[in-house]
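Chemist: Encoded as structure tokens, here's the structure I'll be asking about.
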Amino acid sequence: MTTAHNSGMYSRTMKMNARVAQLLLNVNNDMAVTDSLDTALVTLVNIIAKTIGAERGTIFLNDTKTGELYSRVAQGSFMREIRMMNNQGVAGWVFTNDEGAIVNDAYKDRRFYKNVDIKTGFRTKSILCAPFYSASGEKIGVSQLLNKLSGEFDEKDLDLLMMITQQAAIAIQNHLVMEEVEVFRKQELDFLEVVSQISSELELEPLLQKIITTVTQMLEAERSSLFINDEKANELYTIVGEGLGKNEIRFPNHLGIAGHVFQTGEVLNIPHAYADLRFNPSFDKQTGFFTRSMLCIPVTNKSGKTIGVSQVLNKRGGPFTEEDEARLSAFTSQISIGIENATLFKNVQKLMNYTESMLNSMTNGVITVNEDKLVATCNPAGLRILRIESEDEILHQEIGMVFAGKNEWILKKMDDLEEVEVMVDTELEFGGETISANITILPLLDEEEKALGTLFMIEDISTEKRMKSTMSRYMDADLADQLLESGDDVLGGQQSVGTVLFSDIRSFTTLTEELGPQGTVSLLNEYFTIMVDIIQGEGGMLDKFIGDAMMAIFGTPEAHDDDPDRAMRAAIAMMTELNEFNRLRKQKGMMAIDHGLGLNTDEIVSGNIGSPKRMDYTVIGDGVNLAARLESACKKYGAHILLSEYTLESLKATYRTRQIDRVIVKGKTEPVGVYEALDYHDKTTFPNMIEVLGHFNSGIEYYNEGRWTDAIKMFNEALAGNPNDKCSQMYVERCEQLIANPPEGEWDGVWVFKSK
């Protein structure tokens, strides 16, 4: 019985061994006819799942670059690729510990990685997993079966799984090698194709986009950037960057990792960016990106000059390798010429756009003629001057057709041209209309001084000449020239803030009676010469003479920041010069003259006013009227210079003034503060000024409060210091009048002028 039993066991073993041998032979045959890694994996998975009786099978291969287990296919619901770290899940445990695993209740096993079920929607019940070795004994992955169809996975299943995968290892490894070769070949072809495309790309932005896309894919990174050095600004900049949109980034070419690489020429491979003190985290904060690893290399041209920096971020699955450094260095060395060409092309385009914009914005006509005497370019101003509507009418036409008829003399100038020719105030005729122009003709030469053509610049000065002729009748030539810079419509009327100065000679009728007609004219000419020079010296415009009076404007047609101060300085100088003028007249036995001045700052309207037969460039408005009222009021106060509160508030400098009244002038309803300027006085013309002004100001306070008796005392104190202070005397008389006839209602200190 024992012999028969042993004989039966031996027979069964032989049969089983024969079946296993046949199975392995079939595995070997089936794997031999596979033509790719994908088909080999599908074939192997089908074999092990069918042989052992499992619902699903998977072969996980180890990616040595990323430290991940990946599966290309899975039986059942097709998954293109599943990846996980090679120490995760049951498969990761098997790979790491180099031993098989039998799990008959997956969700109770702590090694089980549930995320795969979550992604696929599959429910894992049991697992059989074994390490997968190459023919040479190198561990290349794991094989895994899920959900035994009948019963539970056991040790026999594990042994069979390892035998089958061992038999298929040679075919799988051969396909892996072939695939790596194919991937490398494809990368090289892509590399050559990109280099070829880059070599022919002249637009900088598309070029950079191609480069960073290629680099990102080639090195399996998350992002990359290519920074170009701006030599003028000493900055590194990029127009595009993977994940950065189209926002230009600029920073000094010595800052951060990129700046260090640019300055030193070193290659930096940094596995942990935040641990490197040279790393600048501000970009991460701006973009929300987290930089883990970084590879940064200099980009050099064929002469060895560093022209930029290539930067790649976050290698997928781990740090950048030496192979990555070599590939990136090789790539950047190939594309550096393309980068230089594109940068040069961009600079040329920028220069061309700048030149075109400049020519289009010029008011002077610019016409270029090539060496065949054909018109090459003409800017909009040139078309306007030539009375041509479209550049199509002139481009590629002979220059002789442009300068024809009365303009033919220009062609002779061009033929005889050896150096720059300038012609000022020359007449040209276009479209039957004569214009005045300044013309510049200059030869266009290349670097070797060979003729390329001719350039004509035409400045149309017709409008300027007409305006200058008109303006010279109103003001001095220098001011007329300044006006012309403001445009030809300045005479049409404009509103602005200006300071009006009125002056008038006192007792002029008495003077004319004593001097006679010739003496009066001689006096006025001498007097006006002095006063007009002072006004124009401060940049003012003499508006008109009104008999023995003058009206001047500060602030139009040319405005200054300190026009009120200019008017004030002019008024003080006019009084000072008048005193000197009178001193000289007295030495000659002639009668002295006196005048008063009024200043007001306000909105005024200026322009040509009149009829077609007679025009006058002048200013009008309430601001003008108030200045005239103030000049007239000088007589009432015994003052020589009166200014409104508006002028006082507008002054930038400090002057010696006193408020002498708040009045409502004729035609107005609102009171205006009136001030007297005293800077022209000396100790002789106004003795004890400080003490007098102190008493006077106290008197004004009492006057405004309605304490007229107290005010009279203060004004009398002022008169004691300066008996000739007519203003203090006037206030004594006014207070006495108010005491005798108190005003009705509440007193506000405002005096109403009954006359102009």
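Letters A, B, ... mark the chains of the structure tokens in the order given; residue numbers begin at 1 per chain; ligand numbers begin at 1, in order shown.
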List the neighbours of region 417-432 of chain A out to 10 Å using only C-alpha atoms; skip same-chain residues closer than 4 positions along the sequence, and give me the result as an MDAnalysis selection string.
Modeler: chainID A and resid 385:388 402:408 410:413 436:444 454:462 465
Chemist: With N, CA and C atoms retained, write the just-selected residues as a short mmCIF file (atom, residue, chain, number, x, y, z; two decimals), in the first residue's frame.
Modeler:
data_model
loop_
_atom_site.label_atom_id
_atom_site.label_comp_id
_atom_site.auth_asym_id
_atom_site.auth_seq_id
_atom_site.Cartn_x
_atom_site.Cartn_y
_atom_site.Cartn_z
N ILE A 385 2.24 118.93 -46.32
CA ILE A 385 2.94 120.07 -46.91
C ILE A 385 2.90 120.00 -48.44
N LEU A 386 3.05 118.77 -48.98
CA LEU A 386 3.05 118.60 -50.43
C LEU A 386 1.64 118.64 -51.02
N ARG A 387 0.62 118.76 -50.15
CA ARG A 387 -0.78 118.78 -50.57
C ARG A 387 -1.15 117.48 -51.28
N ILE A 388 -0.72 116.35 -50.69
CA ILE A 388 -1.01 115.03 -51.21
C ILE A 388 -1.83 114.27 -50.18
N VAL A 402 7.71 115.29 -57.88
CA VAL A 402 7.29 115.96 -56.63
C VAL A 402 7.72 117.41 -56.65
N PHE A 403 9.01 117.65 -56.96
CA PHE A 403 9.52 119.02 -57.01
C PHE A 403 9.55 119.48 -58.47
N ALA A 404 8.39 119.72 -59.00
CA ALA A 404 8.28 120.15 -60.39
C ALA A 404 7.94 121.64 -60.45
N GLY A 405 7.93 122.20 -61.68
CA GLY A 405 7.56 123.60 -61.87
C GLY A 405 8.49 124.54 -61.15
N LYS A 406 7.92 125.42 -60.31
CA LYS A 406 8.71 126.43 -59.60
C LYS A 406 9.63 125.82 -58.55
N ASN A 407 9.47 124.53 -58.29
CA ASN A 407 10.30 123.87 -57.26
C ASN A 407 11.48 123.09 -57.85
N GLU A 408 11.68 123.19 -59.17
CA GLU A 408 12.73 122.40 -59.81
C GLU A 408 14.13 122.73 -59.32
N ILE A 410 15.22 122.76 -56.49
CA ILE A 410 15.63 121.85 -55.42
C ILE A 410 16.37 120.64 -56.00
N LEU A 411 15.94 120.20 -57.21
CA LEU A 411 16.58 119.03 -57.83
C LEU A 411 18.05 119.31 -58.13
N LYS A 412 18.35 120.53 -58.57
CA LYS A 412 19.74 120.89 -58.83
C LYS A 412 20.55 120.87 -57.54
N LYS A 413 19.93 121.37 -56.46
CA LYS A 413 20.60 121.32 -55.16
C LYS A 413 20.93 119.87 -54.79
N SER A 436 5.97 129.25 -47.16
CA SER A 436 7.32 129.59 -46.71
C SER A 436 7.85 128.41 -45.90
N ALA A 437 9.10 128.04 -46.16
CA ALA A 437 9.63 126.84 -45.51
C ALA A 437 11.11 126.96 -45.26
N ASN A 438 11.56 126.26 -44.20
CA ASN A 438 12.98 126.01 -43.99
C ASN A 438 13.26 124.62 -44.51
N ILE A 439 14.24 124.48 -45.39
CA ILE A 439 14.51 123.20 -46.05
C ILE A 439 15.91 122.72 -45.70
N THR A 440 16.00 121.44 -45.35
CA THR A 440 17.30 120.80 -45.10
C THR A 440 17.41 119.61 -46.04
N ILE A 441 18.52 119.54 -46.79
CA ILE A 441 18.78 118.41 -47.68
C ILE A 441 20.09 117.77 -47.23
N LEU A 442 20.06 116.45 -47.01
CA LEU A 442 21.28 115.79 -46.58
C LEU A 442 21.42 114.44 -47.27
N PRO A 443 22.65 114.04 -47.59
CA PRO A 443 22.87 112.74 -48.24
C PRO A 443 22.74 111.61 -47.24
N LEU A 444 22.23 110.46 -47.71
CA LEU A 444 22.15 109.25 -46.90
C LEU A 444 23.29 108.33 -47.32
N THR A 454 18.87 110.35 -50.65
CA THR A 454 18.82 111.73 -50.15
C THR A 454 17.62 111.89 -49.23
N LEU A 455 17.78 112.73 -48.21
CA LEU A 455 16.68 113.04 -47.30
C LEU A 455 16.35 114.52 -47.38
N PHE A 456 15.06 114.83 -47.51
CA PHE A 456 14.58 116.21 -47.50
C PHE A 456 13.75 116.42 -46.24
N MET A 457 14.07 117.48 -45.49
CA MET A 457 13.25 117.87 -44.35
C MET A 457 12.71 119.27 -44.62
N ILE A 458 11.38 119.39 -44.58
CA ILE A 458 10.71 120.65 -44.91
C ILE A 458 9.92 121.12 -43.69
N GLU A 459 10.27 122.29 -43.19
CA GLU A 459 9.55 122.91 -42.07
C GLU A 459 8.69 124.04 -42.61
N ASP A 460 7.39 123.86 -42.56
CA ASP A 460 6.46 124.87 -43.05
C ASP A 460 6.34 125.98 -42.01
N ILE A 461 6.83 127.19 -42.35
CA ILE A 461 6.80 128.31 -41.41
C ILE A 461 5.82 129.39 -41.86
N SER A 462 4.92 129.04 -42.77
CA SER A 462 3.97 130.03 -43.28
C SER A 462 3.09 130.59 -42.17
N LYS A 465 5.06 132.79 -39.79
CA LYS A 465 5.38 134.12 -40.33
C LYS A 465 4.16 135.03 -40.25
#
Chemist: Enumerate as an NGL selection string all residues of region 125-172 of chain A assigned to strand (DSSP E) by DSSP on the backbone, naming them with the chain letters and numbers the document uses.
Modeler: :A and (127-133 or 139-148)
Chemist: Can I get the residues of region 702-749 of chain A within 12 Å of region 656-659 of chain A, each with the closest pair of atoms and their distance in Å to one decimal, using only C-alpha atoms, sorted chain first then ascending number, as JSON lines?
Modeler:
{"residue": "A:Asn704", "atom": "CA", "partner": "A:Gln659", "partner_atom": "CA", "distance": 11.8}
{"residue": "A:Cys727", "atom": "CA", "partner": "A:Gln659", "partner_atom": "CA", "distance": 10.8}
{"residue": "A:Ser728", "atom": "CA", "partner": "A:Arg658", "partner_atom": "CA", "distance": 11.8}
Chemist: Using only C-alpha atoms, which residues sit within 10 Å of Pro687 (chain A) once same-chain residues fewer than 4 positions away are excluded, as a PyMOL selection string?
Modeler: chain A and resi 681-683+691-692+721-725
Chemist: Kindly export the residues of the current selection with C-alpha atoms, as a compact mmCIF listing (two decimals), in the first residue's frame.
Modeler:
# COMPACT_ATOMS: atom_id res chain seq x y z
CA HIS A 681 9.40 153.35 0.26
CA ASP A 682 12.49 154.38 2.21
CA LYS A 683 12.88 156.19 5.53
CA GLU A 691 5.57 151.86 14.34
CA VAL A 692 3.13 153.53 11.98
CA GLY A 721 4.82 158.90 13.26
CA ASN A 722 4.14 159.83 9.60
CA PRO A 723 2.10 163.04 9.17
CA ASN A 724 2.00 162.43 5.39
CA ASP A 725 0.18 159.10 5.71
Chemist: Calculate how many Å separate CA of His640 (chain A) from CA of Leu578 (chain A), rounding to one decimal.
Modeler: 11.1 Å
Chemist: What does the distance from CA of Gly519 (chain A) to CA of Leu597 (chain A) come to in Å, to one decimal?
Modeler: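 CA of Leu597 (chain A) lies 23.8 Å from CA of Gly519 (chain A).
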Chemist: Tell me which protein, DNA and RNA residues are within 10 Å of Ala559 (chain A), counting only C-alpha atoms, leaving out same-chain ones fewer than 5 positions away, and put them as a ChimeraX atom specification.
Modeler: /A:496-498,539-540,554
Chemist: Which is closest to Phe95 (chain A) among A:Gly694, A:Gly67, A:Gly265, A:Gly318, if we use only C-alpha atoms?
Modeler: A:Gly67
Chemist: Leaving out Thr321 (chain A) and any residue of its chain fewer than 5 positions from it, which residues lie within 10 Å of it when counting only C-alpha atoms, given as a list in words?
Modeler: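 Contacts, with the query itself left out: Lys65, Leu219, Asn269, Pro271, Leu295, Lys315, Ala326 and Arg327 of chain A.
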Chemist: Could you take the residues named above and write them with N, CA and C atoms, as a PDB file, in the first residue's frame?
Modeler:
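So the final result, stored in again36.pdb, reads:
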ATOM      1  N   LYS A  65      14.084  56.674 -12.224  1.00  0.00           N
ATOM      2  CA  LYS A  65      14.318  58.117 -12.201  1.00  0.00           C
ATOM      3  C   LYS A  65      13.442  58.814 -11.175  1.00  0.00           C
ATOM      4  N   LEU A 219      12.974  67.730 -19.833  1.00  0.00           N
ATOM      5  CA  LEU A 219      13.501  67.417 -18.505  1.00  0.00           C
ATOM      6  C   LEU A 219      12.412  66.962 -17.541  1.00  0.00           C
ATOM      7  N   ASN A 269      22.585  73.021  -9.600  1.00  0.00           N
ATOM      8  CA  ASN A 269      21.555  71.998  -9.483  1.00  0.00           C
ATOM      9  C   ASN A 269      21.172  71.929  -8.013  1.00  0.00           C
ATOM     10  N   PRO A 271      18.620  70.729  -5.157  1.00  0.00           N
ATOM     11  CA  PRO A 271      17.509  69.801  -4.876  1.00  0.00           C
ATOM     12  C   PRO A 271      16.458  70.399  -3.946  1.00  0.00           C
ATOM     13  N   LEU A 295      17.132  73.659 -11.518  1.00  0.00           N
ATOM     14  CA  LEU A 295      18.337  73.501 -12.322  1.00  0.00           C
ATOM     15  C   LEU A 295      18.519  74.790 -13.116  1.00  0.00           C
ATOM     16  N   LYS A 315      11.647  69.013 -10.937  1.00  0.00           N
ATOM     17  CA  LYS A 315      11.726  67.754 -11.672  1.00  0.00           C
ATOM     18  C   LYS A 315      10.676  66.802 -11.103  1.00  0.00           C
ATOM     19  N   ALA A 326      23.469  67.786 -18.505  1.00  0.00           N
ATOM     20  CA  ALA A 326      24.136  67.639 -19.798  1.00  0.00           C
ATOM     21  C   ALA A 326      23.183  67.944 -20.948  1.00  0.00           C
ATOM     22  N   ARG A 327      21.940  67.439 -20.846  1.00  0.00           N
ATOM     23  CA  ARG A 327      20.971  67.666 -21.927  1.00  0.00           C
ATOM     24  C   ARG A 327      20.610  69.147 -22.033  1.00  0.00           C
TER      25      ARG A 327
END
Chemist: Can you tell me, as a PyMOL selection string, what residues are no more than 9 Å from Gln311 (chain A) when counting only C-alpha atoms, ignoring any on the same chain fewer than 3 positions away?
Modeler: chain A and resi 223-227+258+294-298
Chemist: Using only C-alpha atoms, find each residue of region 41-68 of chain A with at least one atom at most 9 Å away from an atom of region 152-176 of chain A; report its shortest atom-to-atom pair and that distance in Å (one decimal), sort the rows by chain and rising residue number, and return the result as a Markdown table.
Modeler:
| residue | atom | partner | partner_atom | distance |
| --- | --- | --- | --- | --- |
| A:Leu41 | CA | A:Ile172 | CA | 7.5 |
| A:Leu44 | CA | A:Ala168 | CA | 7.3 |
| A:Ile47 | CA | A:Ile164 | CA | 8.4 |
| A:Ile48 | CA | A:Leu161 | CA | 6.6 |
| A:Thr51 | CA | A:Leu160 | CA | 8.8 |
| A:Ile52 | CA | A:Asp157 | CA | 6.3 |
Chemist: Applying 10 Å and only C-alpha atoms, which residues near Lys635 (chain A) remain after dropping the ones on its own chain fewer than 3 positions away? List them as a VMD selection string.
Modeler: chain A and resid 506 595 to 596 630 to 632 638 to 640 726 to 727
Chemist: Could the residues in this selection be written to a file with N, CA and C atoms, as a PDB file, in the first residue's frame?
Modeler:
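Saved to part_16.pdb:
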ATOM      1  N   ARG A 506      -0.775 161.021 -12.556  1.00  0.00           N
ATOM      2  CA  ARG A 506      -1.620 161.948 -11.804  1.00  0.00           C
ATOM      3  C   ARG A 506      -1.488 163.371 -12.375  1.00  0.00           C
ATOM      4  N   HIS A 595       2.319 158.786 -10.357  1.00  0.00           N
ATOM      5  CA  HIS A 595       1.356 157.853 -10.952  1.00  0.00           C
ATOM      6  C   HIS A 595       0.894 156.852  -9.890  1.00  0.00           C
ATOM      7  N   GLY A 596      -0.211 156.184 -10.187  1.00  0.00           N
ATOM      8  CA  GLY A 596      -0.746 155.142  -9.326  1.00  0.00           C
ATOM      9  C   GLY A 596      -0.858 153.844 -10.097  1.00  0.00           C
ATOM     10  N   LEU A 630      -8.927 149.676  -8.781  1.00  0.00           N
ATOM     11  CA  LEU A 630      -7.900 149.818  -7.746  1.00  0.00           C
ATOM     12  C   LEU A 630      -6.918 150.932  -8.092  1.00  0.00           C
ATOM     13  N   GLU A 631      -6.532 151.016  -9.379  1.00  0.00           N
ATOM     14  CA  GLU A 631      -5.639 152.103  -9.786  1.00  0.00           C
ATOM     15  C   GLU A 631      -6.287 153.453  -9.492  1.00  0.00           C
ATOM     16  N   SER A 632      -7.577 153.584  -9.796  1.00  0.00           N
ATOM     17  CA  SER A 632      -8.285 154.843  -9.562  1.00  0.00           C
ATOM     18  C   SER A 632      -8.390 155.150  -8.065  1.00  0.00           C
ATOM     19  N   GLY A 638      -4.272 157.887  -0.931  1.00  0.00           N
ATOM     20  CA  GLY A 638      -2.929 158.454  -0.932  1.00  0.00           C
ATOM     21  C   GLY A 638      -1.876 157.391  -1.174  1.00  0.00           C
ATOM     22  N   ALA A 639      -2.257 156.327  -1.895  1.00  0.00           N
ATOM     23  CA  ALA A 639      -1.350 155.208  -2.152  1.00  0.00           C
ATOM     24  C   ALA A 639      -0.822 155.280  -3.576  1.00  0.00           C
ATOM     25  N   HIS A 640       0.244 154.486  -3.847  1.00  0.00           N
ATOM     26  CA  HIS A 640       0.788 154.395  -5.197  1.00  0.00           C
ATOM     27  C   HIS A 640       0.597 153.009  -5.804  1.00  0.00           C
ATOM     28  N   LYS A 726      -1.617 159.703   4.216  1.00  0.00           N
ATOM     29  CA  LYS A 726      -2.959 160.139   3.850  1.00  0.00           C
ATOM     30  C   LYS A 726      -4.004 159.097   4.210  1.00  0.00           C
ATOM     31  N   CYS A 727      -3.611 157.813   4.184  1.00  0.00           N
ATOM     32  CA  CYS A 727      -4.568 156.745   4.475  1.00  0.00           C
ATOM     33  C   CYS A 727      -5.037 156.829   5.932  1.00  0.00           C
TER      34      CYS A 727
END
Chemist: Report, in Å with one decimal, the straight-line distance from CA of Arg585 (chain A) to CA of Cys634 (chain A).
Modeler: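 These two atoms are separated by 23.5 Å.
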Chemist: Considering only C-alpha atoms, can you say which of A:Glu389, A:Asp622, A:Glu222, A:Glu266 comes closest to Val312 (chain A)?
Modeler: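 Nearest candidate to Val312 (chain A) out of A:Glu389, A:Asp622, A:Glu222, A:Glu266: A:Glu222.
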Chemist: Please extract the residues of region 209-419 of chain A with a backbone DSSP assignment of alpha helix (DSSP H) and present them as number ranges by chain.
Modeler: A: 209-218, 256-264, 282-287, 322-361, 380-385, 399-402, 409-415
